[in-house]
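Engineer: Pasting structure_27.csv below, which is CSV, C-alpha atoms.
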```
chain,number,residue,atom,x,y,z
A,1,MET,CA,7.2,-15.6,-17.3
A,2,GLU,CA,10.9,-15.3,-16.9
A,3,ARG,CA,10.7,-11.6,-17.8
A,4,LEU,CA,7.8,-11.1,-15.3
A,5,GLU,CA,10.0,-12.6,-12.5
A,6,GLN,CA,12.9,-10.3,-13.6
A,7,TYR,CA,10.6,-7.3,-13.4
A,8,ARG,CA,9.3,-8.3,-9.9
A,9,GLU,CA,12.9,-8.6,-8.8
A,10,ILE,CA,13.9,-5.2,-10.3
A,11,ILE,CA,10.9,-3.5,-8.5
A,12,ARG,CA,11.8,-5.0,-5.2
A,13,GLU,CA,15.4,-3.9,-5.7
A,14,LEU,CA,14.3,-0.4,-6.6
A,15,LEU,CA,12.2,-0.1,-3.4
A,16,GLN,CA,14.9,-1.6,-1.3
A,17,ASP,CA,17.5,0.8,-2.7
A,18,TYR,CA,15.3,3.6,-1.5
A,19,CYS,CA,14.6,2.4,2.0
A,20,GLY,CA,16.1,-1.0,2.8
A,21,ASP,CA,13.4,-3.3,4.0
A,22,ASP,CA,10.9,-2.1,6.6
A,23,ARG,CA,12.6,0.6,8.6
A,24,GLU,CA,11.2,1.5,12.0
A,25,GLU,CA,12.3,4.4,14.2
A,26,VAL,CA,10.7,5.7,17.4
A,27,ASP,CA,8.1,7.9,15.9
A,28,SER,CA,8.2,6.9,12.2
A,29,GLU,CA,8.7,4.1,9.9
A,30,ILE,CA,9.0,3.4,6.2
A,31,GLN,CA,7.2,0.3,5.1
A,32,MET,CA,7.9,-1.8,2.0
A,33,ILE,CA,4.7,-3.5,0.9
A,34,CYS,CA,4.9,-6.3,-1.7
A,35,ASP,CA,1.9,-8.2,-2.9
A,36,ARG,CA,3.2,-10.7,-5.4
A,37,ASP,CA,-0.1,-12.4,-6.0
A,38,ARG,CA,-1.7,-9.1,-7.2
A,39,ASP,CA,1.6,-7.5,-8.3
A,40,HIS,CA,1.3,-4.3,-6.3
A,41,TYR,CA,4.4,-2.8,-4.8
A,42,GLN,CA,4.6,0.2,-2.5
A,43,LEU,CA,6.7,2.3,-0.1
A,44,VAL,CA,4.8,4.1,2.6
A,45,SER,CA,6.2,6.6,5.1
A,46,LEU,CA,4.1,7.0,8.3
A,47,GLY,CA,4.3,8.2,11.8
A,48,TRP,CA,4.2,11.2,14.1
A,49,GLN,CA,5.8,14.6,14.3
A,50,GLY,CA,4.8,15.4,17.9
A,51,HIS,CA,1.0,15.1,17.8
A,52,ARG,CA,0.8,15.5,14.1
A,53,ARG,CA,0.2,12.3,12.1
A,54,PHE,CA,1.8,11.9,8.7
A,55,TYR,CA,1.1,9.2,6.1
A,56,THR,CA,2.5,9.3,2.6
A,57,VAL,CA,2.7,6.7,-0.1
A,58,LEU,CA,6.2,7.5,-1.5
A,59,MET,CA,6.1,5.0,-4.5
A,60,HIS,CA,3.6,2.7,-5.9
A,61,LEU,CA,4.3,0.4,-8.9
A,62,ASP,CA,2.1,-2.4,-10.4
A,63,ILE,CA,2.7,-5.0,-13.0
A,64,LYS,CA,-0.2,-5.4,-15.3
A,65,ASN,CA,-0.2,-7.6,-18.5
A,66,GLY,CA,3.6,-7.7,-18.3
A,67,LYS,CA,4.1,-4.0,-18.0
A,68,ILE,CA,5.3,-1.9,-15.1
A,69,TRP,CA,2.9,0.9,-14.2
A,70,ILE,CA,4.2,3.8,-12.1
A,71,GLN,CA,1.1,4.7,-10.1
A,72,ARG,CA,2.7,7.2,-7.7
A,73,ASN,CA,6.0,8.8,-7.1
A,74,GLU,CA,6.4,11.3,-4.2
A,75,THR,CA,10.2,11.1,-4.3
A,76,ASP,CA,12.7,13.0,-6.5
A,77,HIS,CA,13.8,9.7,-8.1
A,78,LEU,CA,13.2,9.4,-11.8
A,79,ILE,CA,11.7,6.0,-11.5
A,80,ALA,CA,11.1,5.3,-15.2
A,81,GLN,CA,14.7,6.1,-16.0
A,82,GLU,CA,16.0,4.0,-13.1
A,83,LEU,CA,13.8,1.0,-14.3
A,84,VAL,CA,15.3,1.3,-17.8
A,85,SER,CA,18.9,1.4,-16.4
A,86,MET,CA,18.0,-1.7,-14.4
A,87,GLY,CA,17.0,-3.6,-17.6
A,88,VAL,CA,13.3,-2.9,-18.1
A,89,LEU,CA,12.3,-2.2,-21.7
A,90,ARG,CA,11.0,1.3,-22.3
A,91,GLU,CA,7.9,-0.2,-24.0
A,92,ASP,CA,7.2,-2.1,-20.9
A,93,ILE,CA,6.8,1.0,-18.7
A,94,VAL,CA,3.6,3.0,-18.3
A,95,LEU,CA,3.7,6.4,-16.7
A,96,GLY,CA,0.4,5.7,-14.9
A,97,LEU,CA,0.4,8.9,-13.0
A,98,GLN,CA,0.4,11.0,-16.2
A,99,PRO,CA,-2.8,11.4,-18.3
A,100,GLU,CA,-2.8,9.5,-21.6
A,101,TYR,CA,-2.1,12.5,-23.8
A,102,VAL,CA,1.1,13.1,-21.9
A,103,ARG,CA,2.1,9.4,-22.0
A,104,ALA,CA,1.6,9.5,-25.8
A,105,ASP,CA,4.7,11.7,-26.1
A,106,SER,CA,6.7,10.2,-23.4
A,107,GLY,CA,8.6,7.5,-25.3
A,108,TYR,CA,7.2,5.0,-22.8
A,109,SER,CA,4.1,2.8,-23.3
A,110,LEU,CA,0.6,4.3,-23.5
A,111,VAL,CA,-1.0,1.4,-21.7
B,1,MET,CA,0.4,-18.6,15.8
B,2,GLU,CA,-3.2,-19.9,15.4
B,3,ARG,CA,-4.5,-16.5,16.5
B,4,LEU,CA,-2.1,-14.7,14.1
B,5,GLU,CA,-3.5,-16.7,11.2
B,6,GLN,CA,-7.0,-15.9,12.4
B,7,TYR,CA,-6.3,-12.2,12.5
B,8,ARG,CA,-4.8,-12.3,9.0
B,9,GLU,CA,-7.9,-14.0,7.8
B,10,ILE,CA,-10.2,-11.4,9.5
B,11,ILE,CA,-8.3,-8.5,8.0
B,12,ARG,CA,-8.5,-10.0,4.5
B,13,GLU,CA,-12.2,-10.6,5.1
B,14,LEU,CA,-12.7,-7.0,6.3
B,15,LEU,CA,-11.0,-5.6,3.2
B,16,GLN,CA,-12.8,-7.9,0.8
B,17,ASP,CA,-16.1,-6.9,2.4
B,18,TYR,CA,-15.3,-3.4,1.5
B,19,CYS,CA,-14.2,-3.9,-2.1
B,20,GLY,CA,-14.3,-7.4,-3.2
B,21,ASP,CA,-10.8,-8.3,-4.5
B,22,ASP,CA,-9.1,-5.9,-6.9
B,23,ARG,CA,-11.8,-4.1,-8.8
B,24,GLU,CA,-11.0,-2.3,-12.0
B,25,GLU,CA,-13.3,0.0,-14.0
B,26,VAL,CA,-12.4,2.1,-17.1
B,27,ASP,CA,-10.9,5.1,-15.3
B,28,SER,CA,-10.6,3.9,-11.7
B,29,GLU,CA,-9.7,0.9,-9.6
B,30,ILE,CA,-9.7,-0.2,-6.0
B,31,GLN,CA,-6.7,-2.3,-5.2
B,32,MET,CA,-6.4,-4.7,-2.3
B,33,ILE,CA,-2.8,-5.1,-1.3
B,34,CYS,CA,-1.8,-7.9,1.1
B,35,ASP,CA,1.8,-8.5,2.1
B,36,ARG,CA,1.7,-11.5,4.4
B,37,ASP,CA,5.5,-11.6,4.9
B,38,ARG,CA,5.5,-8.2,6.4
B,39,ASP,CA,1.9,-8.2,7.6
B,40,HIS,CA,0.8,-5.0,5.8
B,41,TYR,CA,-2.7,-4.8,4.4
B,42,GLN,CA,-4.2,-2.0,2.4
B,43,LEU,CA,-7.0,-0.8,0.2
B,44,VAL,CA,-6.1,1.9,-2.4
B,45,SER,CA,-8.5,3.8,-4.6
B,46,LEU,CA,-6.8,5.3,-7.7
B,47,GLY,CA,-7.6,6.5,-11.2
B,48,TRP,CA,-8.8,9.5,-13.1
B,49,GLN,CA,-11.7,11.9,-13.1
B,50,GLY,CA,-11.1,13.4,-16.6
B,51,HIS,CA,-7.6,14.7,-16.5
B,52,ARG,CA,-7.5,14.8,-12.7
B,53,ARG,CA,-5.6,12.1,-11.0
B,54,PHE,CA,-6.8,10.7,-7.6
B,55,TYR,CA,-5.0,8.4,-5.3
B,56,THR,CA,-6.3,7.6,-1.8
B,57,VAL,CA,-5.3,4.9,0.7
B,58,LEU,CA,-8.7,4.0,2.1
B,59,MET,CA,-7.6,1.6,4.8
B,60,HIS,CA,-4.3,0.4,6.1
B,61,LEU,CA,-3.9,-2.2,8.8
B,62,ASP,CA,-0.7,-3.9,10.1
B,63,ILE,CA,-0.1,-6.8,12.4
B,64,LYS,CA,2.8,-6.1,14.8
B,65,ASN,CA,3.7,-8.3,17.7
B,66,GLY,CA,0.3,-10.1,17.5
B,67,LYS,CA,-1.7,-6.8,17.5
B,68,ILE,CA,-3.7,-5.2,14.7
B,69,TRP,CA,-2.7,-1.6,14.1
B,70,ILE,CA,-5.2,0.6,12.3
B,71,GLN,CA,-2.8,2.9,10.5
B,72,ARG,CA,-5.3,4.7,8.2
B,73,ASN,CA,-9.0,4.8,7.7
B,74,GLU,CA,-10.5,7.2,5.1
B,75,THR,CA,-13.9,5.3,5.1
B,76,ASP,CA,-16.9,5.8,7.3
B,77,HIS,CA,-16.5,2.2,8.6
B,78,LEU,CA,-15.7,1.9,12.4
B,79,ILE,CA,-12.9,-0.5,11.7
B,80,ALA,CA,-12.0,-1.2,15.4
B,81,GLN,CA,-15.6,-2.1,16.2
B,82,GLU,CA,-15.9,-4.3,13.1
B,83,LEU,CA,-12.7,-6.1,14.1
B,84,VAL,CA,-14.1,-6.8,17.5
B,85,SER,CA,-17.4,-8.1,16.1
B,86,MET,CA,-15.3,-10.4,13.9
B,87,GLY,CA,-13.6,-11.9,16.8
B,88,VAL,CA,-10.5,-9.8,17.5
B,89,LEU,CA,-9.8,-9.0,21.2
B,90,ARG,CA,-10.1,-5.4,22.1
B,91,GLU,CA,-6.6,-5.6,23.8
B,92,ASP,CA,-5.2,-6.7,20.5
B,93,ILE,CA,-6.2,-3.6,18.6
B,94,VAL,CA,-4.2,-0.4,18.4
B,95,LEU,CA,-5.7,2.8,17.1
B,96,GLY,CA,-2.4,3.7,15.4
B,97,LEU,CA,-3.9,6.8,13.7
B,98,GLN,CA,-4.7,8.3,17.1
B,99,PRO,CA,-2.0,9.9,19.3
B,100,GLU,CA,-1.1,7.9,22.4
B,101,TYR,CA,-2.9,10.2,24.8
B,102,VAL,CA,-6.1,9.4,22.9
B,103,ARG,CA,-5.4,5.7,22.7
B,104,ALA,CA,-5.0,5.6,26.5
B,105,ASP,CA,-8.7,6.4,27.0
B,106,SER,CA,-10.0,4.4,24.0
B,107,GLY,CA,-10.5,1.0,25.7
B,108,TYR,CA,-8.2,-0.4,23.0
B,109,SER,CA,-4.5,-1.2,23.4
B,110,LEU,CA,-2.0,1.6,23.8
B,111,VAL,CA,0.8,-0.1,21.8
```
Transcribe the structure of this file into structure tokens.
Structural biologist:
Amino acid sequence: MERLEQYREIIRELLQDYCGDDREEVDSEIQMICDRDRDHYQLVSLGWQGHRRFYTVLMHLDIKNGKIWIQRNETDHLIAQELVSMGVLREDIVLGLQPEYVRADSGYSLV
Amino acid sequence: MERLEQYREIIRELLQDYCGDDREEVDSEIQMICDRDRDHYQLVSLGWQGHRRFYTVLMHLDIKNGKIWIQRNETDHLIAQELVSMGVLREDIVLGLQPEYVRADSGYSLV
């Protein structure tokens, strides 16, 4: 349980390092979305460039059965490496956005 | 404050009507993400079709300054109409995914 809390805190820190908390400008915003009950964590960038709408999920991490799943990463950050440097065990990280045959050789957890 | 709580409850009900709570199958899941502190609410569909990854935000609603913003809708549900039928005032709904010149003629709120 203590480790679970630690991992939640690390994820929040990772997302905040990227964007601060919610950041709103005139035509765009970056939202930090944290659902602690279901352990889903996300950064979303959305807004307008003129009349063109944009909406991108920049990062999405989950905690399932004590492991951190990287579900999406549209940034140039190496999230798994950053998590390790922040204290997460390699065997507690799942590269969810890679198919299992890639995960098997990744040095991270398969599931 | 009472209305804000009512709107939060309506949004949660709307999302749950669509998916139930988190729903996980072998290769796919629908996640319900609720951040009550920042008032962001989302449904995400993600998983694998064979080796192909898919990741789609089906719905995204926010509450800002007492109004419900529809930020994204990749379903065939008419979310604004459903919100009205569930008790939300038309003037408290913003079609955030439409540009302002469209919102102006929508009968819903501009901002």
Engineer: For Cys34 in chain B, which of B:Val94, B:Leu15, B:Ala104, B:Ile68 is the closest residue, counting all atoms listed in the file?
Structural biologist: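 The answer is B:Leu15, which sits nearest to Cys34 in chain B.
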Engineer: Point out the residue among B:Val26, B:Leu97, B:Val88, B:Leu83 with the least atom-to-atom distance to chain A, counting all atoms listed in the file.
Structural biologist: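 That would be B:Leu97, the residue with the smallest distance to chain A.
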Engineer: Give me, as a PyMOL selection string, the residues of chain B touching chain A, with the criterion being at most 10 Å (counting only C-alpha atoms).
Structural biologist: chain B and resi 21-22+31-42+46-48+50-57+71-72+96-101
Engineer: Using C-alpha atoms, can you write the selected residues to a file as a compact mmCIF listing (two decimals), in the frame of the given file?
Structural biologist:
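Final file, selection_36.txt:
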```txt
# COMPACT_ATOMS: atom_id res chain seq x y z
CA ASP B 21 -10.80 -8.30 -4.50
CA ASP B 22 -9.10 -5.90 -6.90
CA GLN B 31 -6.70 -2.30 -5.20
CA MET B 32 -6.40 -4.70 -2.30
CA ILE B 33 -2.80 -5.10 -1.30
CA CYS B 34 -1.80 -7.90 1.10
CA ASP B 35 1.80 -8.50 2.10
CA ARG B 36 1.70 -11.50 4.40
CA ASP B 37 5.50 -11.60 4.90
CA ARG B 38 5.50 -8.20 6.40
CA ASP B 39 1.90 -8.20 7.60
CA HIS B 40 0.80 -5.00 5.80
CA TYR B 41 -2.70 -4.80 4.40
CA GLN B 42 -4.20 -2.00 2.40
CA LEU B 46 -6.80 5.30 -7.70
CA GLY B 47 -7.60 6.50 -11.20
CA TRP B 48 -8.80 9.50 -13.10
CA GLY B 50 -11.10 13.40 -16.60
CA HIS B 51 -7.60 14.70 -16.50
CA ARG B 52 -7.50 14.80 -12.70
CA ARG B 53 -5.60 12.10 -11.00
CA PHE B 54 -6.80 10.70 -7.60
CA TYR B 55 -5.00 8.40 -5.30
CA THR B 56 -6.30 7.60 -1.80
CA VAL B 57 -5.30 4.90 0.70
CA GLN B 71 -2.80 2.90 10.50
CA ARG B 72 -5.30 4.70 8.20
CA GLY B 96 -2.40 3.70 15.40
CA LEU B 97 -3.90 6.80 13.70
CA GLN B 98 -4.70 8.30 17.10
CA PRO B 99 -2.00 9.90 19.30
CA GLU B 100 -1.10 7.90 22.40
CA TYR B 101 -2.90 10.20 24.80
```
Engineer: For CA of Tyr18 in chain A and CA of Leu61 in chain A, determine how far apart the two atoms are, in Å to one decimal place.
Structural biologist: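 Here the two named atoms are 13.6 Å from each other.
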Engineer: Return the single residue from B:Glu91, B:Asp27, B:Glu74, B:Glu82 that is closest to Ile11 in chain B, with distances computed using all atoms listed in the file.
Structural biologist: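 Closest to Ile11 in chain B, using all atoms listed in the file: B:Glu82.
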Engineer: For range 65-67 of chain A, list every protein, DNA or RNA residue within 7 Å, evaluated using all atoms listed in the file, and leave out those in the same chain fewer than 5 positions away; present the list as a list in words.
Structural biologist: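 The residues satisfying every condition are Leu4, Asp92 and Ile93 of chain A.
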Engineer: Quick check, in Å to one decimal: how far apart do CA of Tyr108 in chain B and CA of Gln6 in chain B lie?
Structural biologist: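 Distance reported for this atom pair: 18.8 Å.
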Engineer: Could you jot down the CA of Ala80 in chain B to CA of Glu9 in chain B separation for me, Å, one decimal place?
Structural biologist: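 Distance between the two atoms: 15.4 Å.
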Engineer: Which is closer to Glu24 in chain B than all the others in A:Leu89, A:Lys64, A:His77, A:Gln49, using all atoms listed in the file?
Structural biologist: A:Lys64
